[in-house]
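The data block below is start-v7.pdb; it holds PDB, C-alpha atoms, pLDDT in the B column.
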ATOM      1  CA  MET A   1      -0.206  20.267   2.259  1.00 72.00           C
ATOM      2  CA  GLN A   2      -0.497  16.538   1.614  1.00 78.00           C
ATOM      3  CA  ARG A   3      -2.971  14.680   3.844  1.00 87.00           C
ATOM      4  CA  TYR A   4      -1.961  11.276   5.237  1.00 90.00           C
ATOM      5  CA  LEU A   5      -4.398   8.549   6.241  1.00 91.00           C
ATOM      6  CA  THR A   6      -4.131   5.662   8.649  1.00 92.00           C
ATOM      7  CA  PRO A   7      -4.751   2.217   7.115  1.00 90.00           C
ATOM      8  CA  GLN A   8      -8.110   2.178   8.916  1.00 91.00           C
ATOM      9  CA  GLU A   9      -9.130   5.543   7.374  1.00 91.00           C
ATOM     10  CA  ALA A  10      -8.034   4.339   3.920  1.00 88.00           C
ATOM     11  CA  ALA A  11     -10.028   1.114   4.387  1.00 85.00           C
ATOM     12  CA  GLN A  12     -13.122   3.063   5.428  1.00 85.00           C
ATOM     13  CA  HIS A  13     -12.769   5.363   2.430  1.00 82.00           C
ATOM     14  CA  LEU A  14     -12.511   2.409   0.000  1.00 77.00           C
ATOM     15  CA  GLN A  15     -15.010   0.295   1.966  1.00 76.00           C
ATOM     16  CA  VAL A  16     -12.639  -2.650   2.354  1.00 78.00           C
ATOM     17  CA  GLU A  17     -11.025  -4.423   5.291  1.00 81.00           C
ATOM     18  CA  MET A  18      -7.966  -2.826   6.871  1.00 83.00           C
ATOM     19  CA  THR A  19      -6.043  -6.090   6.321  1.00 82.00           C
ATOM     20  CA  GLU A  20      -6.561  -5.643   2.558  1.00 79.00           C
ATOM     21  CA  ILE A  21      -5.057  -2.144   2.705  1.00 83.00           C
ATOM     22  CA  LEU A  22      -2.056  -3.413   4.687  1.00 83.00           C
ATOM     23  CA  ALA A  23      -1.584  -6.282   2.215  1.00 77.00           C
ATOM     24  CA  LEU A  24      -1.543  -3.778  -0.685  1.00 79.00           C
ATOM     25  CA  VAL A  25       1.027  -1.680   1.196  1.00 80.00           C
ATOM     26  CA  ASP A  26       3.189  -4.762   1.806  1.00 75.00           C
ATOM     27  CA  GLN A  27       2.922  -5.744  -1.895  1.00 70.00           C
ATOM     28  CA  GLY A  28       3.932  -2.236  -2.953  1.00 73.00           C
ATOM     29  CA  SER A  29       0.631  -1.590  -4.754  1.00 74.00           C
ATOM     30  CA  ILE A  30      -0.006   1.336  -2.405  1.00 81.00           C
ATOM     31  CA  ARG A  31       2.925   3.540  -1.386  1.00 83.00           C
ATOM     32  CA  ALA A  32       3.022   4.348   2.303  1.00 88.00           C
ATOM     33  CA  MET A  33       5.358   5.648   4.987  1.00 87.00           C
ATOM     34  CA  ARG A  34       6.287   3.693   8.061  1.00 85.00           C
ATOM     35  CA  ILE A  35       7.087   5.777  11.110  1.00 86.00           C
ATOM     36  CA  GLY A  36       7.950   3.417  13.921  1.00 84.00           C
ATOM     37  CA  SER A  37       5.071   0.962  14.028  1.00 83.00           C
ATOM     38  CA  SER A  38       2.643   3.398  12.374  1.00 88.00           C
ATOM     39  CA  VAL A  39       1.715   3.332   8.688  1.00 90.00           C
ATOM     40  CA  ARG A  40       0.562   6.475   6.892  1.00 92.00           C
ATOM     41  CA  ILE A  41      -0.811   6.529   3.351  1.00 91.00           C
ATOM     42  CA  PRO A  42      -0.772   9.730   1.259  1.00 88.00           C
ATOM     43  CA  GLU A  43      -4.322  10.604   0.231  1.00 85.00           C
ATOM     44  CA  THR A  44      -3.074  10.961  -3.361  1.00 83.00           C
ATOM     45  CA  GLU A  45      -2.288   7.211  -3.295  1.00 82.00           C
ATOM     46  CA  LEU A  46      -5.974   6.404  -2.976  1.00 76.00           C
ATOM     47  CA  GLU A  47      -6.712   8.727  -5.900  1.00 73.00           C
ATOM     48  CA  ARG A  48      -3.979   7.014  -7.968  1.00 69.00           C
ATOM     49  CA  LEU A  49      -5.369   3.631  -7.027  1.00 68.00           C
ATOM     50  CA  LEU A  50      -8.863   4.629  -8.116  1.00 61.00           C
ATOM     51  CA  VAL A  51      -7.658   6.166 -11.408  1.00 53.00           C
ATOM     52  CA  THR A  52      -5.320   3.349 -12.415  1.00 53.00           C
ATOM     53  CA  CYS A  53      -6.938   0.407 -10.648  1.00 52.00           C
ATOM     54  CA  ALA A  54      -3.339  -0.440  -9.765  1.00 51.00           C
ATOM     55  CA  ALA A  55      -4.248  -3.073  -7.213  1.00 48.00           C
ATOM     56  CA  SER A  56      -7.033  -4.805  -9.110  1.00 46.00           C
ATOM     57  CA  HIS A  57      -4.810  -7.607 -10.362  1.00 42.00           C
ATOM     58  CA  SER A  58      -2.053  -7.453  -7.775  1.00 43.00           C
ATOM     59  CA  GLN A  59      -3.073 -10.675  -6.068  1.00 43.00           C
ATOM     60  CA  SER A  60      -2.831 -12.958  -9.089  1.00 39.00           C
ATOM     61  CA  THR A  61      -1.684 -16.388  -8.117  1.00 40.00           C
ATOM     62  CA  PRO A  62       1.471 -17.866  -9.638  1.00 37.00           C
ATOM     63  CA  GLU A  63      -0.723 -20.454 -11.401  1.00 37.00           C
ATOM     64  CA  SER A  64      -2.698 -17.786 -13.233  1.00 54.00           C
ATOM     65  CA  LEU A  65       0.290 -16.143 -14.936  1.00 69.00           C
ATOM     66  CA  PRO A  66       3.559 -17.738 -16.006  1.00 73.00           C
ATOM     67  CA  GLY A  67       7.023 -16.746 -14.874  1.00 72.00           C
ATOM     68  CA  GLY A  68       6.048 -14.461 -12.009  1.00 77.00           C
ATOM     69  CA  SER A  69       4.389 -12.007 -14.376  1.00 85.00           C
ATOM     70  CA  ARG A  70       1.417  -9.904 -13.336  1.00 87.00           C
ATOM     71  CA  TRP A  71      -1.487  -8.009 -14.831  1.00 85.00           C
ATOM     72  CA  CYS A  72      -1.425  -4.262 -15.308  1.00 87.00           C
ATOM     73  CA  LEU A  73      -4.074  -1.921 -16.725  1.00 83.00           C
ATOM     74  CA  THR A  74      -3.805   1.001 -19.107  1.00 84.00           C
ATOM     75  CA  ARG A  75      -5.808   4.144 -18.320  1.00 77.00           C
ATOM     76  CA  THR A  76      -8.552   2.913 -20.628  1.00 75.00           C
ATOM     77  CA  GLY A  77      -8.761  -0.366 -18.715  1.00 73.00           C
ATOM     78  CA  THR A  78      -6.954  -2.569 -21.254  1.00 80.00           C
ATOM     79  CA  LYS A  79      -5.312  -5.428 -19.383  1.00 83.00           C
ATOM     80  CA  PHE A  80      -1.783  -6.488 -20.324  1.00 87.00           C
ATOM     81  CA  ARG A  81       0.796  -8.817 -18.859  1.00 90.00           C
ATOM     82  CA  VAL A  82       4.123  -7.557 -17.515  1.00 93.00           C
ATOM     83  CA  SER A  83       7.155  -9.207 -16.003  1.00 92.00           C
ATOM     84  CA  GLY A  84       9.904  -7.267 -14.269  1.00 93.00           C
ATOM     85  CA  SER A  85       9.811  -3.596 -13.378  1.00 92.00           C
ATOM     86  CA  ILE A  86      10.984  -0.148 -14.365  1.00 92.00           C
ATOM     87  CA  ALA A  87      13.981  -0.546 -12.030  1.00 89.00           C
ATOM     88  CA  ASP A  88      15.042  -3.972 -13.330  1.00 91.00           C
ATOM     89  CA  GLY A  89      13.868  -3.893 -16.920  1.00 94.00           C
ATOM     90  CA  ALA A  90      10.551  -5.310 -18.053  1.00 95.00           C
ATOM     91  CA  GLU A  91       8.856  -7.510 -20.607  1.00 93.00           C
ATOM     92  CA  ILE A  92       5.379  -6.538 -21.750  1.00 92.00           C
ATOM     93  CA  TRP A  93       2.815  -8.636 -23.602  1.00 88.00           C
ATOM     94  CA  PRO A  94       0.253  -6.236 -25.168  1.00 83.00           C
ATOM     95  CA  GLY A  95      -3.088  -7.819 -26.015  1.00 75.00           C
ATOM     96  CA  LYS A  96      -2.706 -11.457 -26.996  1.00 74.00           C
ATOM     97  CA  MET A  97       0.893 -11.238 -28.163  1.00 78.00           C
ATOM     98  CA  ARG A  98       2.701 -14.521 -27.803  1.00 81.00           C
ATOM     99  CA  TYR A  99       6.150 -12.991 -27.306  1.00 86.00           C
ATOM    100  CA  PRO A 100       6.955  -9.981 -25.140  1.00 89.00           C
ATOM    101  CA  ILE A 101       8.353  -6.608 -26.052  1.00 90.00           C
ATOM    102  CA  LYS A 102      11.569  -6.321 -24.058  1.00 92.00           C
ATOM    103  CA  PHE A 103      12.626  -3.155 -22.300  1.00 94.00           C
ATOM    104  CA  PRO A 104      16.096  -3.722 -20.825  1.00 95.00           C
ATOM    105  CA  ARG A 105      17.253  -1.986 -17.671  1.00 93.00           C
ATOM    106  CA  SER A 106      19.496   0.298 -19.747  1.00 93.00           C
ATOM    107  CA  PHE A 107      16.428   1.483 -21.686  1.00 95.00           C
ATOM    108  CA  MET A 108      14.513   2.164 -18.457  1.00 93.00           C
ATOM    109  CA  LYS A 109      17.486   4.118 -17.088  1.00 91.00           C
ATOM    110  CA  ALA A 110      17.629   6.218 -20.260  1.00 93.00           C
ATOM    111  CA  LEU A 111      13.857   6.795 -20.059  1.00 93.00           C
ATOM    112  CA  LEU A 112      14.007   8.014 -16.454  1.00 91.00           C
ATOM    113  CA  SER A 113      16.943  10.279 -17.280  1.00 89.00           C
ATOM    114  CA  ARG A 114      15.227  11.694 -20.392  1.00 92.00           C
ATOM    115  CA  PHE A 115      11.998  12.482 -18.538  1.00 92.00           C
ATOM    116  CA  SER A 116      13.627  13.641 -15.305  1.00 85.00           C
ATOM    117  CA  GLU A 117      11.739  16.920 -15.105  1.00 86.00           C
ATOM    118  CA  PRO A 118       8.478  16.613 -13.187  1.00 86.00           C
ATOM    119  CA  GLY A 119       5.376  17.479 -15.163  1.00 89.00           C
ATOM    120  CA  ASP A 120       3.122  16.408 -17.999  1.00 94.00           C
ATOM    121  CA  VAL A 121       4.520  14.426 -20.925  1.00 94.00           C
ATOM    122  CA  ALA A 122       2.514  13.328 -23.942  1.00 94.00           C
ATOM    123  CA  VAL A 123       2.177   9.551 -24.150  1.00 93.00           C
ATOM    124  CA  GLY A 124       2.326   9.704 -27.952  1.00 89.00           C
ATOM    125  CA  GLY A 125       0.482   6.468 -28.594  1.00 80.00           C
ATOM    126  CA  SER A 126       0.192   6.907 -32.378  1.00 78.00           C
ATOM    127  CA  PHE A 127       1.952   4.094 -34.254  1.00 73.00           C
ATOM    128  CA  ASP A 128       2.749   6.161 -37.336  1.00 75.00           C
ATOM    129  CA  SER A 129       3.881   9.452 -35.886  1.00 82.00           C
ATOM    130  CA  PRO A 130       3.987   9.898 -32.121  1.00 88.00           C
ATOM    131  CA  SER A 131       4.086  13.533 -31.115  1.00 90.00           C
ATOM    132  CA  PRO A 132       7.523  15.189 -30.784  1.00 93.00           C
ATOM    133  CA  GLY A 133       8.972  14.885 -27.293  1.00 94.00           C
ATOM    134  CA  SER A 134       6.507  12.168 -26.339  1.00 95.00           C
ATOM    135  CA  LEU A 135       7.100   8.876 -24.614  1.00 94.00           C
ATOM    136  CA  GLY A 136       6.163   7.101 -27.869  1.00 92.00           C
ATOM    137  CA  GLU A 137       8.748   9.028 -29.890  1.00 93.00           C
ATOM    138  CA  PHE A 138      11.417   8.232 -27.296  1.00 94.00           C
ATOM    139  CA  ILE A 139      10.567   4.508 -27.395  1.00 92.00           C
ATOM    140  CA  GLN A 140      10.637   4.331 -31.189  1.00 89.00           C
ATOM    141  CA  GLN A 141      13.955   6.164 -31.388  1.00 89.00           C
ATOM    142  CA  LYS A 142      15.702   4.434 -28.498  1.00 91.00           C
ATOM    143  CA  LEU A 143      14.581   0.903 -29.384  1.00 87.00           C
ATOM    144  CA  ASN A 144      14.719   1.509 -33.152  1.00 80.00           C
ATOM    145  CA  THR A 145      11.282  -0.010 -33.611  1.00 76.00           C
ATOM    146  CA  LYS A 146       8.170   0.733 -35.641  1.00 72.00           C
ATOM    147  CA  MET A 147       5.977  -0.573 -32.816  1.00 75.00           C
ATOM    148  CA  ASN A 148       4.705   1.878 -30.257  1.00 79.00           C
ATOM    149  CA  PRO A 149       3.943   0.380 -26.859  1.00 88.00           C
ATOM    150  CA  ALA A 150       3.892   3.811 -25.181  1.00 91.00           C
ATOM    151  CA  VAL A 151       0.486   3.323 -23.532  1.00 91.00           C
ATOM    152  CA  TYR A 152       1.790   0.182 -21.814  1.00 92.00           C
ATOM    153  CA  ILE A 153       4.992   1.820 -20.581  1.00 95.00           C
ATOM    154  CA  ALA A 154       2.918   4.799 -19.388  1.00 94.00           C
ATOM    155  CA  ALA A 155       0.646   2.438 -17.440  1.00 92.00           C
ATOM    156  CA  LEU A 156       3.651   0.690 -15.892  1.00 93.00           C
ATOM    157  CA  LEU A 157       5.209   4.046 -14.915  1.00 93.00           C
ATOM    158  CA  ILE A 158       1.944   5.010 -13.197  1.00 90.00           C
ATOM    159  CA  ASN A 159       1.502   1.573 -11.637  1.00 87.00           C
ATOM    160  CA  GLU A 160       4.983   1.671 -10.105  1.00 88.00           C
ATOM    161  CA  GLY A 161       4.716   5.298  -8.973  1.00 86.00           C
ATOM    162  CA  TYR A 162       7.160   7.045 -11.301  1.00 89.00           C
ATOM    163  CA  ALA A 163       4.310   9.042 -12.793  1.00 90.00           C
ATOM    164  CA  ASP A 164       0.700   9.895 -12.107  1.00 88.00           C
ATOM    165  CA  ALA A 165      -2.285   9.977 -14.408  1.00 87.00           C
ATOM    166  CA  SER A 166      -2.564  13.502 -15.772  1.00 86.00           C
ATOM    167  CA  ALA A 167      -5.810  15.417 -15.912  1.00 84.00           C
ATOM    168  CA  ARG A 168      -5.014  15.909 -19.614  1.00 87.00           C
ATOM    169  CA  ARG A 169      -6.073  13.058 -21.865  1.00 86.00           C
ATOM    170  CA  GLY A 170      -3.086  11.388 -23.552  1.00 90.00           C
ATOM    171  CA  TYR A 171      -0.575  12.619 -20.957  1.00 93.00           C
ATOM    172  CA  ILE A 172       1.107  11.311 -17.840  1.00 94.00           C
ATOM    173  CA  GLU A 173       2.652  13.435 -15.122  1.00 92.00           C
ATOM    174  CA  PHE A 174       6.173  12.398 -14.167  1.00 90.00           C
ATOM    175  CA  ARG A 175       7.064  12.786 -10.519  1.00 85.00           C
ATOM    176  CA  HIS A 176      10.247  14.490  -9.424  1.00 75.00           C
ATOM    177  CA  PRO A 177      13.015  11.856  -9.371  1.00 72.00           C
ATOM    178  CA  ALA A 178      14.160  12.867  -5.900  1.00 66.00           C
ATOM    179  CA  TRP A 179      11.480  10.681  -4.306  1.00 54.00           C
ATOM    180  CA  TYR A 180      12.796   7.484  -5.926  1.00 58.00           C
ATOM    181  CA  ALA A 181      16.487   8.361  -6.368  1.00 58.00           C
ATOM    182  CA  LYS A 182      17.292   7.034  -2.886  1.00 54.00           C
ATOM    183  CA  GLU A 183      15.946   3.591  -3.779  1.00 53.00           C
ATOM    184  CA  LEU A 184      17.401   3.594  -7.314  1.00 57.00           C
ATOM    185  CA  PRO A 185      20.547   5.725  -7.118  1.00 57.00           C
ATOM    186  CA  ASP A 186      22.138   4.210 -10.208  1.00 61.00           C
ATOM    187  CA  MET A 187      19.017   4.812 -12.340  1.00 58.00           C
ATOM    188  CA  ILE A 188      19.163   8.608 -12.148  1.00 52.00           C
ATOM    189  CA  GLU A 189      22.001  10.829 -13.252  1.00 52.00           C
ATOM    190  CA  PRO A 190      23.511  12.685 -10.240  1.00 49.00           C
ATOM    191  CA  SER A 191      22.793  16.090 -11.830  1.00 49.00           C
ATOM    192  CA  VAL A 192      19.056  15.306 -11.829  1.00 43.00           C
ATOM    193  CA  ARG A 193      18.743  14.504  -8.117  1.00 41.00           C
TER     194      ARG A 193
END
Any chance you could give the structure as structure tokens?
Amino acid sequence: MQRYLTPQEAAQHLQVEMTEILALVDQGSIRAMRIGSSVRIPETELERLLVTCAASHSQSTPESLPGGSRWCLTRTGTKFRVSGSIADGAEIWPGKMRYPIKFPRSFMKALLSRFSEPGDVAVGGSFDSPSPGSLGEFIQQKLNTKMNPAVYIAALLINEGYADASARRGYIEFRHPAWYAKELPDMIEPSVR
């Protein structure tokens, strides 16, 4: 059974102030449940935070990044800029690219519908030939592009909680869509919920 921590327990575990934990919860960098006035954080959230460093750049000031964009990290620690979200569509600037790769909301909806089964999915980060059934293959086919930004989309999926880092190198583990279907009912096909 899942273990849930109080903000104080989470702060002690990470050796930070409780106010920092609550700020990360309020920003959405750490998923938590509110029951009345109490906040409970799934222990797996702390593990996700440590694996992805999801909160390390969450407090960027508007002056540091243009247009409300934020920093995100791949599993290997490569920093990239992102604007938007999985739910609204996103723009991603890999490396030092001047112009973003655009992922419209319709693409994100198709992605969540395609990978609606919980479990491991290959990222497929190869530019030339991403593995069959991988996130990279889906991106190249759906966007009709030779580029392969699969590692960045995988990082964003993990960062926003649609997937977790898999124990297998080169894979992410999609969560069951039921946990986010309530917040994004039009993003998931009714048969998947």
Who sits within 7 Å of region 17-22 of chain A, only C-alpha atoms, same chain under 3 positions skipped, as an NGL selection string: :A and (7-8 or 11 or 25-26)
Expected selection from the PyMOL selection byres ((chain A and resi 105-121) around 9), given as a ChimeraX atom specification: /A:85-90,103-104,122-124,133-135,138-139,142-143,162-163,166,168,170-177,186-189,192-193
Closest atom pairs, residues of region 90-186 of chain A within 10 Å of region 29-43 of chain A, all atoms listed in the file, as a tab-separated table:
residue	atom	partner	partner_atom	distance
A:Asn159	CA	A:Ser29	CA	7.6
A:Glu160	CA	A:Ser29	CA	7.6
A:Gly161	CA	A:Arg31	CA	8.0
Atomic distance CA of Ala154 (chain A) - CA of Arg98 (chain A), expressed in Å with one decimal: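 Straight-line distance from CA of Ala154 (chain A) to CA of Arg98 (chain A) works out to 21.1 Å.
For the pair CA of Thr78 (chain A) and CA of Arg169 (chain A), the separation is 15.7 Å.
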Atomic separation - CA of Ala167 (chain A) relative to CA of Ile92 (chain A), Å: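 Value for the CA of Ile92 (chain A)-CA of Ala167 (chain A) distance: 25.3 Å.
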Among the residues A:Asp128, A:Lys102, A:Gly136, A:Asp164, the one that comes closest to Leu46 (chain A) [using all atoms listed in the file]: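 With all atoms listed in the file as the atom set, the closest residue is A:Asp164.
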Residues matched by the PyMOL selection byres ((chain A and resi 155) around 8), written as a PyMOL selection string: chain A and resi 52+72-75+151-154+156-159
Answer key for the PyMOL selection byres ((chain A and resi 127) around 10), residues as number ranges by chain: A: 124-126, 128-130, 136-137, 140, 146-150
Atoms to include: C-alpha atoms. Write the selected residues as an mmCIF file, keeping the file's coordinate frame.
data_model
loop_
_atom_site.group_PDB
_atom_site.id
_atom_site.type_symbol
_atom_site.label_atom_id
_atom_site.label_comp_id
_atom_site.auth_asym_id
_atom_site.auth_seq_id
_atom_site.Cartn_x
_atom_site.Cartn_y
_atom_site.Cartn_z
ATOM 1 C CA GLY A 124 2.326 9.704 -27.952
ATOM 2 C CA GLY A 125 0.482 6.468 -28.594
ATOM 3 C CA SER A 126 0.192 6.907 -32.378
ATOM 4 C CA ASP A 128 2.749 6.161 -37.336
ATOM 5 C CA SER A 129 3.881 9.452 -35.886
ATOM 6 C CA PRO A 130 3.987 9.898 -32.121
ATOM 7 C CA GLY A 136 6.163 7.101 -27.869
ATOM 8 C CA GLU A 137 8.748 9.028 -29.890
ATOM 9 C CA GLN A 140 10.637 4.331 -31.189
ATOM 10 C CA LYS A 146 8.170 0.733 -35.641
ATOM 11 C CA MET A 147 5.977 -0.573 -32.816
ATOM 12 C CA ASN A 148 4.705 1.878 -30.257
ATOM 13 C CA PRO A 149 3.943 0.380 -26.859
ATOM 14 C CA ALA A 150 3.892 3.811 -25.181
#
Around region 116-131 of chain A, fit a box with edges along x, y and z, padding it by 6 Å on each side, then list its centre and edge lengths in Å to one decimal as JSON.
{"center_x": 6.9, "center_y": 10.8, "center_z": -25.3, "size_x": 25.4, "size_y": 25.4, "size_z": 36.1}
